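The next block is upload.csv, given as CSV, C-alpha atoms.
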chain,number,residue,atom,x,y,z
A,89,MET,CA,73.5,78.3,114.6
A,90,LYS,CA,72.6,75.6,117.0
A,91,GLU,CA,75.5,76.2,119.4
A,92,LEU,CA,74.4,79.8,119.9
A,93,GLU,CA,70.9,78.7,120.6
A,94,PHE,CA,72.3,76.2,123.1
A,95,LEU,CA,74.2,78.9,124.8
A,96,LYS,CA,71.2,81.2,125.0
A,97,GLU,CA,69.1,78.4,126.4
A,98,ILE,CA,71.6,77.9,129.2
A,99,LEU,CA,71.8,81.6,130.0
A,100,LYS,CA,68.0,81.7,130.2
A,101,GLU,CA,67.9,78.8,132.7
A,102,VAL,CA,70.6,80.2,135.0
A,103,ASP,CA,69.5,83.1,137.1
A,104,ASP,CA,72.7,84.2,138.7
A,105,ILE,CA,74.9,84.9,135.6
A,106,TYR,CA,74.2,88.5,134.9
A,107,LEU,CA,74.8,90.0,131.5
A,108,ARG,CA,75.0,93.6,130.3
A,109,LYS,CA,73.1,92.6,127.2
A,110,LYS,CA,69.7,91.0,126.7
A,111,ILE,CA,70.1,87.3,125.9
A,112,GLU,CA,68.3,87.7,122.6
A,113,GLU,CA,70.7,90.4,121.5
A,114,ILE,CA,73.9,88.4,122.1
A,115,SER,CA,75.9,87.9,118.9
A,116,THR,CA,78.9,85.7,118.1
A,117,THR,CA,81.3,88.7,118.0
A,118,ASP,CA,80.5,90.0,121.5
A,119,LYS,CA,83.4,90.2,123.8
A,120,LEU,CA,82.7,88.3,127.1
A,121,ILE,CA,84.2,91.0,129.4
A,122,ASP,CA,83.7,94.3,127.5
A,123,ASP,CA,80.3,93.6,125.8
A,124,LEU,CA,78.6,91.1,128.1
A,125,GLY,CA,80.2,92.2,131.4
A,126,LEU,CA,81.1,88.6,132.4
A,127,ASP,CA,83.6,88.6,135.2
A,128,SER,CA,85.9,85.6,136.0
A,129,LEU,CA,83.2,84.1,138.3
A,130,GLY,CA,80.6,84.5,135.6
A,131,ARG,CA,82.8,82.9,132.9
A,132,MET,CA,83.6,80.0,135.2
A,133,SER,CA,80.0,79.6,136.1
A,134,LEU,CA,79.0,79.5,132.5
A,135,LEU,CA,81.7,76.9,131.7
A,136,HIS,CA,80.4,74.7,134.5
A,137,GLU,CA,76.8,75.1,133.3
A,138,ILE,CA,77.7,74.1,129.8
A,139,ASN,CA,79.5,71.1,131.0
A,140,PHE,CA,76.8,70.2,133.4
A,141,LYS,CA,74.3,70.3,130.5
A,142,LEU,CA,76.6,68.2,128.4
A,143,LYS,CA,77.5,65.9,131.3
A,144,LYS,CA,81.2,66.6,130.8
A,145,GLU,CA,83.9,67.2,133.4
A,146,THR,CA,84.9,70.8,133.9
A,147,ASP,CA,88.4,71.7,132.8
A,148,GLU,CA,89.0,75.4,133.7
A,149,SER,CA,92.0,75.6,131.3
A,150,HIS,CA,89.5,76.3,128.5
A,151,LEU,CA,88.6,79.6,130.0
A,152,ASN,CA,92.0,81.1,129.0
A,153,LYS,CA,90.9,80.8,125.3
A,154,TRP,CA,87.5,82.4,125.8
A,155,VAL,CA,87.5,86.0,124.6
A,156,THR,CA,84.4,86.2,122.5
A,157,VAL,CA,81.1,84.4,122.3
A,158,SER,CA,82.4,82.7,119.2
A,159,ASP,CA,85.1,81.0,121.4
A,160,ILE,CA,82.5,79.5,123.6
A,161,LEU,CA,80.6,78.3,120.6
A,162,ASP,CA,83.7,76.6,119.3
A,163,TYR,CA,84.1,74.9,122.7
A,164,VAL,CA,80.5,73.7,122.6
A,165,LYS,CA,80.9,72.4,119.1
A,166,VAL,CA,83.9,70.3,120.1
A,167,GLN,CA,82.2,69.0,123.2
A,168,ILE,CA,79.0,68.0,121.4
B,25,MET,CA,85.4,68.2,157.6
B,26,LYS,CA,86.5,70.6,154.9
B,27,PHE,CA,86.1,74.3,155.6
B,28,VAL,CA,86.6,76.9,152.8
B,29,PHE,CA,87.0,80.6,153.5
B,30,LEU,CA,86.2,82.6,150.4
B,31,ASN,CA,88.0,86.0,150.1
B,32,LEU,CA,87.8,86.5,146.3
B,33,SER,CA,87.1,90.2,146.7
B,34,LYS,CA,90.2,90.4,149.0
B,35,LYS,CA,88.2,92.9,151.1
B,36,ILE,CA,87.9,90.8,154.2
B,37,PRO,CA,90.4,92.0,156.9
B,38,ASP,CA,93.2,89.5,157.7
B,39,SER,CA,92.4,90.0,161.4
B,40,PHE,CA,88.9,88.7,160.8
B,41,ILE,CA,90.0,85.7,158.8
B,42,LYS,CA,92.6,84.8,161.4
B,43,ALA,CA,90.0,85.0,164.2
B,44,VAL,CA,87.7,82.7,162.3
B,45,LEU,CA,90.4,80.2,161.5
B,46,GLN,CA,91.3,80.0,165.2
B,47,THR,CA,87.8,78.7,165.9
B,48,ILE,CA,88.0,75.8,163.4
B,49,PRO,CA,88.5,72.4,165.0
B,50,SER,CA,92.1,71.2,164.6
B,51,ASN,CA,91.1,68.1,162.7
B,52,TRP,CA,89.3,70.0,159.9
B,53,GLU,CA,91.0,70.7,156.5
B,54,VAL,CA,91.0,74.5,155.9
B,55,SER,CA,91.4,76.5,152.6
B,56,VAL,CA,91.5,80.2,152.3
B,57,ILE,CA,90.7,81.1,148.7
B,58,ARG,CA,91.6,84.4,147.1
B,59,GLU,CA,91.6,83.5,143.4
B,60,THR,CA,88.9,82.1,141.2
B,61,GLN,CA,91.3,79.6,139.6
B,62,GLY,CA,90.5,76.1,140.7
B,63,LEU,CA,87.5,77.3,142.7
B,64,MET,CA,85.0,74.9,141.2
B,65,LYS,CA,87.1,71.9,142.3
B,66,ILE,CA,87.7,73.3,145.8
B,67,LEU,CA,84.0,74.0,146.4
B,68,SER,CA,82.8,70.7,144.9
B,69,ASN,CA,83.5,68.8,148.1
B,70,ALA,CA,83.5,71.5,150.8
B,71,ASN,CA,81.4,70.8,153.9
B,72,TYR,CA,81.3,74.4,155.3
B,73,ILE,CA,81.9,77.7,153.5
B,74,MET,CA,82.2,81.2,154.8
B,75,GLY,CA,82.4,84.3,152.5
B,76,PHE,CA,80.5,86.3,150.0
B,77,SER,CA,78.1,84.4,147.7
B,78,VAL,CA,79.3,82.7,144.5
B,79,PRO,CA,77.1,81.8,141.6
B,80,PHE,CA,74.9,78.7,142.3
B,81,SER,CA,76.7,76.8,139.6
B,82,PHE,CA,79.7,76.5,141.9
B,83,LEU,CA,77.7,74.6,144.5
B,84,LYS,CA,75.1,72.6,142.6
B,85,SER,CA,77.2,69.5,142.3
B,86,ASN,CA,78.3,69.5,145.9
B,87,THR,CA,76.4,66.8,147.8
B,88,GLN,CA,78.4,67.2,151.0
B,89,LEU,CA,77.8,70.8,151.8
B,90,LYS,CA,76.4,71.2,155.3
B,91,GLY,CA,76.5,75.0,155.8
B,92,PHE,CA,77.3,78.3,154.1
B,93,PHE,CA,77.9,81.4,156.3
B,94,LEU,CA,77.2,84.3,154.0
B,95,LEU,CA,79.0,87.6,154.8
B,96,SER,CA,76.1,89.5,153.4
B,97,SER,CA,72.6,90.4,154.5
B,98,GLN,CA,71.0,88.7,151.5
B,99,VAL,CA,70.8,85.0,150.5
B,100,PRO,CA,70.6,84.6,146.7
B,101,GLU,CA,67.3,83.2,145.5
B,102,SER,CA,69.0,80.3,143.8
B,103,TYR,CA,70.6,79.2,147.1
B,104,GLN,CA,67.2,78.0,148.3
B,105,LYS,CA,67.8,75.0,146.1
B,106,LEU,CA,70.8,74.0,148.3
B,107,ASN,CA,70.3,71.3,150.8
B,108,CYS,CA,72.3,72.9,153.6
B,109,GLU,CA,72.1,75.4,156.4
B,110,LEU,CA,72.4,79.0,155.3
B,111,ILE,CA,73.4,81.7,157.7
B,112,ASN,CA,73.7,85.4,156.8
B,113,ILE,CA,74.4,88.6,158.6
B,114,LYS,CA,71.1,90.2,158.1
B,115,GLY,CA,70.7,93.0,160.7
B,116,LEU,CA,74.3,93.1,161.7
B,117,ASN,CA,75.4,95.4,158.9
B,118,SER,CA,72.3,97.6,158.6
B,119,SER,CA,73.8,100.4,160.7
B,120,SER,CA,76.9,100.5,158.7
B,121,VAL,CA,74.9,100.6,155.4
B,122,ALA,CA,72.7,103.4,156.8
B,123,GLN,CA,75.8,105.5,157.8
B,124,HIS,CA,77.3,105.0,154.3
B,125,THR,CA,73.9,105.9,152.7
B,126,LEU,CA,73.9,109.1,154.8
B,127,TYR,CA,77.3,109.9,153.5
B,128,LEU,CA,76.1,109.5,149.9
B,129,THR,CA,73.0,111.6,150.6
B,130,MET,CA,74.9,114.4,152.1
B,131,LYS,CA,77.5,114.3,149.3
B,132,SER,CA,74.6,114.6,146.8
B,133,ILE,CA,73.1,117.7,148.4
B,134,ARG,CA,76.2,119.5,149.8
B,135,GLU,CA,78.7,119.1,147.0
B,136,ARG,CA,77.1,121.7,144.8
B,137,THR,CA,77.7,125.4,144.1
B,138,LEU,CA,74.5,126.0,145.9
B,139,PRO,CA,73.8,123.2,148.4
B,140,LEU,CA,70.1,122.1,148.5
B,141,ALA,CA,67.9,122.7,151.6
B,142,THR,CA,66.7,119.3,152.9
B,143,GLU,CA,63.5,120.9,154.1
B,144,SER,CA,62.3,121.3,150.6
B,145,LEU,CA,63.2,117.8,149.4
B,146,THR,CA,61.2,114.6,149.4
B,147,LEU,CA,63.4,111.7,150.5
B,148,SER,CA,62.0,108.4,149.2
B,149,ILE,CA,63.2,105.0,150.4
B,150,MET,CA,62.4,101.8,148.5
B,151,GLY,CA,62.4,98.9,150.9
B,152,PHE,CA,61.7,98.8,154.6
B,153,GLY,CA,63.6,95.8,155.8
B,154,HIS,CA,66.5,96.0,158.4
B,155,ILE,CA,68.5,98.3,156.1
B,156,GLY,CA,65.6,100.4,155.0
B,157,LYS,CA,64.6,101.0,158.6
B,158,SER,CA,68.2,102.0,159.6
B,159,ILE,CA,68.3,104.4,156.7
B,160,PHE,CA,65.0,105.9,157.8
B,161,ASP,CA,66.4,106.3,161.4
B,162,THR,CA,69.6,108.0,160.2
B,163,HIS,CA,67.8,110.4,157.8
B,164,LYS,CA,64.6,111.2,159.7
B,165,ASN,CA,66.0,114.2,161.6
B,166,ILE,CA,67.4,115.8,158.4
B,167,PHE,CA,64.4,115.4,156.0
B,168,SER,CA,60.9,116.6,156.9
B,169,GLN,CA,59.3,114.8,154.0
B,170,ILE,CA,60.1,111.1,153.8
B,171,GLU,CA,58.1,108.5,151.9
B,172,ILE,CA,58.7,104.7,152.1
B,173,LEU,CA,57.7,102.2,149.6
B,174,SER,CA,57.1,98.8,151.2
B,175,ARG,CA,54.7,95.9,151.1
B,176,GLN,CA,54.6,96.0,154.9
B,177,THR,CA,51.5,97.2,156.7
B,178,ASP,CA,52.6,97.1,160.3
B,179,ALA,CA,55.2,99.8,160.5
B,180,GLY,CA,53.2,102.0,162.8
B,181,PHE,CA,53.0,104.8,160.3
B,182,PRO,CA,51.8,105.1,156.7
B,183,LEU,CA,53.9,103.4,154.0
B,184,VAL,CA,53.4,103.6,150.3
B,185,SER,CA,52.1,100.3,148.8
B,186,TYR,CA,53.6,98.8,145.6
B,187,GLU,CA,50.3,99.6,143.8
B,188,LYS,CA,51.1,103.3,144.2
B,189,ARG,CA,54.7,103.0,143.0
B,190,GLU,CA,54.3,105.4,140.1
B,191,THR,CA,53.2,108.3,142.3
B,192,PHE,CA,55.9,107.5,144.7
B,193,LEU,CA,58.6,107.6,142.0
B,194,GLU,CA,57.2,110.9,140.5
B,195,SER,CA,57.5,112.8,143.8
B,196,ALA,CA,61.0,111.6,144.7
B,197,ASP,CA,63.8,114.1,144.9
B,198,ILE,CA,66.3,111.7,146.5
B,199,LEU,CA,65.5,108.1,146.0
B,200,ILE,CA,67.3,105.5,148.1
B,201,ILE,CA,67.1,101.9,147.0
B,202,ALA,CA,67.3,99.3,149.8
B,203,LEU,CA,65.5,96.4,148.2
B,204,ASP,CA,66.6,92.7,148.0
B,205,LEU,CA,67.4,91.4,144.5
B,206,ASN,CA,64.9,89.0,143.2
B,207,SER,CA,62.9,88.5,140.0
B,208,GLU,CA,60.1,90.8,141.2
B,209,THR,CA,62.4,93.7,142.2
B,210,LYS,CA,64.6,93.4,139.1
B,211,ALA,CA,61.5,93.9,136.9
B,212,MET,CA,60.8,97.2,138.8
B,213,PHE,CA,63.8,99.1,137.3
B,214,THR,CA,63.2,99.0,133.6
B,215,PRO,CA,62.8,102.3,131.5
B,216,LYS,CA,59.1,101.7,131.3
B,217,SER,CA,58.5,100.8,134.9
B,218,PHE,CA,61.0,103.1,136.5
B,219,PHE,CA,62.9,105.8,134.6
B,220,LYS,CA,59.9,107.3,132.9
B,221,TYR,CA,58.4,108.4,136.2
B,222,LEU,CA,61.4,110.2,137.6
B,223,LYS,CA,62.1,113.9,137.9
B,224,ARG,CA,64.8,115.0,135.5
B,225,ASP,CA,67.0,116.2,138.4
B,226,ILE,CA,66.5,113.2,140.7
B,227,THR,CA,69.3,111.8,142.9
B,228,ILE,CA,69.3,108.0,143.1
B,229,ILE,CA,71.3,106.3,145.8
B,230,ASN,CA,71.7,102.5,145.4
B,231,VAL,CA,73.0,100.5,148.4
B,232,ALA,CA,71.1,97.4,147.4
B,233,ARG,CA,72.4,95.5,144.4
B,234,GLY,CA,74.0,96.6,141.1
B,235,GLU,CA,72.1,93.9,139.2
B,236,LEU,CA,68.8,95.7,139.9
B,237,PHE,CA,69.7,98.1,137.1
B,238,ASP,CA,70.5,97.5,133.5
B,239,GLU,CA,73.7,99.4,132.8
B,240,LYS,CA,72.5,100.7,129.4
B,241,SER,CA,69.4,102.2,130.9
B,242,LEU,CA,71.4,104.0,133.6
B,243,VAL,CA,73.8,105.4,131.0
B,244,THR,CA,70.9,106.5,128.8
B,245,PHE,CA,69.1,108.3,131.7
B,246,PHE,CA,72.1,110.0,133.3
B,247,ASN,CA,73.5,111.0,129.9
B,248,LYS,CA,70.2,112.7,129.0
B,249,ASN,CA,69.6,114.2,132.4
B,250,MET,CA,72.8,115.8,133.6
B,251,GLU,CA,71.1,117.5,136.5
B,252,ALA,CA,70.3,114.0,137.9
B,253,GLN,CA,72.8,112.1,140.0
B,254,TYR,CA,73.5,108.4,140.7
B,255,LEU,CA,75.5,107.6,143.8
B,256,THR,CA,76.0,103.9,144.2
B,257,ASP,CA,77.9,101.5,146.4
B,258,VAL,CA,77.0,98.5,144.2
B,259,THR,CA,77.7,97.8,140.5
B,260,PHE,CA,77.5,94.9,138.1
B,261,PRO,CA,80.0,93.4,137.7
B,262,GLU,CA,82.2,93.9,140.8
B,263,PRO,CA,84.8,95.1,140.9
B,264,TYR,CA,83.6,97.5,138.3
B,265,PRO,CA,86.1,98.0,135.5
B,266,ILE,CA,88.1,101.2,135.3
B,267,ASP,CA,86.9,102.0,131.7
B,268,ALA,CA,83.3,100.8,132.2
B,269,PRO,CA,80.5,103.1,130.9
B,270,LEU,CA,79.2,104.4,134.3
B,271,ARG,CA,82.6,105.7,135.2
B,272,GLY,CA,82.6,108.0,132.2
B,273,LEU,CA,79.7,110.2,133.5
B,274,GLU,CA,80.2,113.2,135.7
B,275,ASN,CA,76.9,112.8,137.5
B,276,ILE,CA,77.7,109.3,138.7
B,277,PHE,CA,79.6,108.5,141.8
B,278,ILE,CA,80.7,105.0,142.7
B,279,THR,CA,82.0,103.6,146.0
B,280,ASP,CA,83.5,100.1,146.0
B,281,HIS,CA,80.8,98.0,147.8
B,282,GLN,CA,82.0,99.1,151.2
B,283,ALA,CA,78.7,100.2,152.8
B,284,GLY,CA,78.1,97.0,154.8
B,285,PHE,CA,81.3,96.9,156.8
B,286,ASN,CA,82.9,98.9,159.5
B,287,SER,CA,84.9,97.9,162.5
B,288,LYS,CA,81.9,97.0,164.5
B,289,THR,CA,80.3,94.8,161.8
B,290,TRP,CA,83.3,92.5,161.7
B,291,ALA,CA,83.2,92.1,165.5
B,292,LYS,CA,79.5,91.3,165.4
B,293,THR,CA,79.9,88.9,162.6
B,294,LEU,CA,82.6,87.1,164.5
B,295,GLU,CA,80.3,86.8,167.5
B,296,LYS,CA,77.6,85.3,165.3
B,297,TRP,CA,80.1,82.8,163.8
B,298,LYS,CA,81.3,81.7,167.2
B,299,ALA,CA,77.8,81.0,168.3
B,300,ILE,CA,76.8,78.6,165.5
B,301,LYS,CA,76.9,74.9,166.2
B,302,TRP,CA,79.1,73.8,163.3
B,303,ILE,CA,82.3,74.4,165.1
B,304,LYS,CA,81.2,73.2,168.6
Go through the file and emit its structure as structure tokens.
Amino acid sequence: MKELEFLKEILKEVDDIYLRKKIEEISTTDKLIDDLGLDSLGRMSLLHEINFKLKKETDESHLNKWVTVSDILDYVKVQI
Amino acid sequence: MKFVFLNLSKKIPDSFIKAVLQTIPSNWEVSVIRETQGLMKILSNANYIMGFSVPFSFLKSNTQLKGFFLLSSQVPESYQKLNCELINIKGLNSSSVAQHTLYLTMKSIRERTLPLATESLTLSIMGFGHIGKSIFDTHKNIFSQIEILSRQTDAGFPLVSYEKRETFLESADILIIALDLNSETKAMFTPKSFFKYLKRDITIINVARGELFDEKSLVTFFNKNMEAQYLTDVTFPEPYPIDAPLRGLENIFITDHQAGFNSKTWAKTLEKWKAIKWIK
């Protein structure tokens, strides 16, 4: 899945978003808070990095819909 | 000018915030931020920021940032990419961190059915910067055997070099971690490079950074070795969730990242702030 690879690529490039899991082990069903340990700053930081890469404006309202990795991938799919 | 005071952790005393705000020139725009919502936008055009660090992503698009006054002794590695003045409180909070470390050390050896005798223990300190030195000073009259791992060579007494790290880890009864977080130090705490050398009843005290350890490795080690203890002032993430894995273990004790600050630290930090040229 190209969106998942895109996400993993971003996580590899950014050195201050810390994850509980190794990037290679991230799966689409992982919960952002419980499984990956992403706090609100981490989620917001990730949103900004995705938009920065895609050259899009950051709209924080999307964060409310992000529960699992799959939700991020849906967001990336729409933005691409 | 736009000044942003970050208090996302809500741990900064109101009296300190008030005192800082009183020093800000009256023609500056001031924001005190306590929530992450809208943070990206607020930080995108700030000129000066004071607070604990935020991920680099929040600052990378800000081309007007002139200065960040960090309320921590460490500057994140990624901040070196910022084209602004970075000020931290290195040295100001080391005494407070050392006192908190002593509290954790004493808790680990006294809160037992049979308290341990410090004379028979090897206290090992990883890191000999401002904080490592203060920790050494507060512990040196209690422990007769202290080993310090450091790259420094001019301490005036023998330190253990990084090349002899394995032997250093093998002999530790109480291991205090006072290292900066960077790619080199993070790689030092994997199961293969760290946990496999430790005594099964070791006490680890972490006053450095939660990110140094992988949570899964900690849970595995302390689940398997119930005689070992982990006392930490730092976790990842912070605040550490109520139902997070480390909280479920009896041999793990967590304080809420409070080591660096006592009443004196805030006063010293305010003095340092007042002396910088931004607000003159």
Open item on the list: Which residues are close to Ile149 in chain B, i.e. within 6 Å by only C-alpha atoms, leaving aside same-chain residues fewer than 3 positions away? Reply as a list in words.
Closed with: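 The residues that qualify are Ile172, Leu199 and Ile200 of chain B.
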TODO: Within 9 Å of chain B, which residues of chain A are there when counting all atoms listed in the file? Please give them as a PyMOL selection string.
DONE: chain A and resi 102-109+122+125-130+132-134+136-137+140+146+148
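Across the model, the gap from CA of Val28 in chain B to CA of Ile111 in chain B is 14.9 Å.
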Open item on the list: Please list as a PyMOL selection string every residue within 9 Å of range 220-230 of chain B, counting only C-alpha atoms and excluding residues in the same chain fewer than 5 positions away.
Closed with: chain B and resi 125+128-129+132-133+190-202+214-215+245+248-258
Task: One-decimal distance in Å that lies between CA of Arg58 in chain B and CA of Leu45 in chain B - done: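 Between CA of Leu45 in chain B and CA of Arg58 in chain B the gap is 15.0 Å.
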Task: Separation of CA of Ser158 in chain B from CA of Ala179 in chain B in Å - done: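 These atoms are spaced 13.2 Å apart.
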To test the calculation: enclose all listed atoms of range 196-207 of chain B in a box whose edges run along x, y and z, add 5 Å on each side, then state centre and edge lengths in Å to one decimal, as lines of an AutoDock Vina configuration file.
center_x = 64.2
center_y = 101.3
center_z = 144.9
size_x = 16.4
size_y = 35.6
size_z = 19.8
Task: Residue contacts of Leu30 in chain B (10 Å, only C-alpha atoms) excluding same-chain residues fewer than 5 positions away, as a PyMOL selection string - done: chain B and resi 36+41+55-60+63+67+73-78+94-95
Task: Who sits within 10 Å of range 163-167 of chain A, all atoms listed in the file, same chain under 3 positions skipped, as a PyMOL selection string - done: chain A and resi 90-92+94-95+135+138-139+142-144+150-151+153-154+157-160
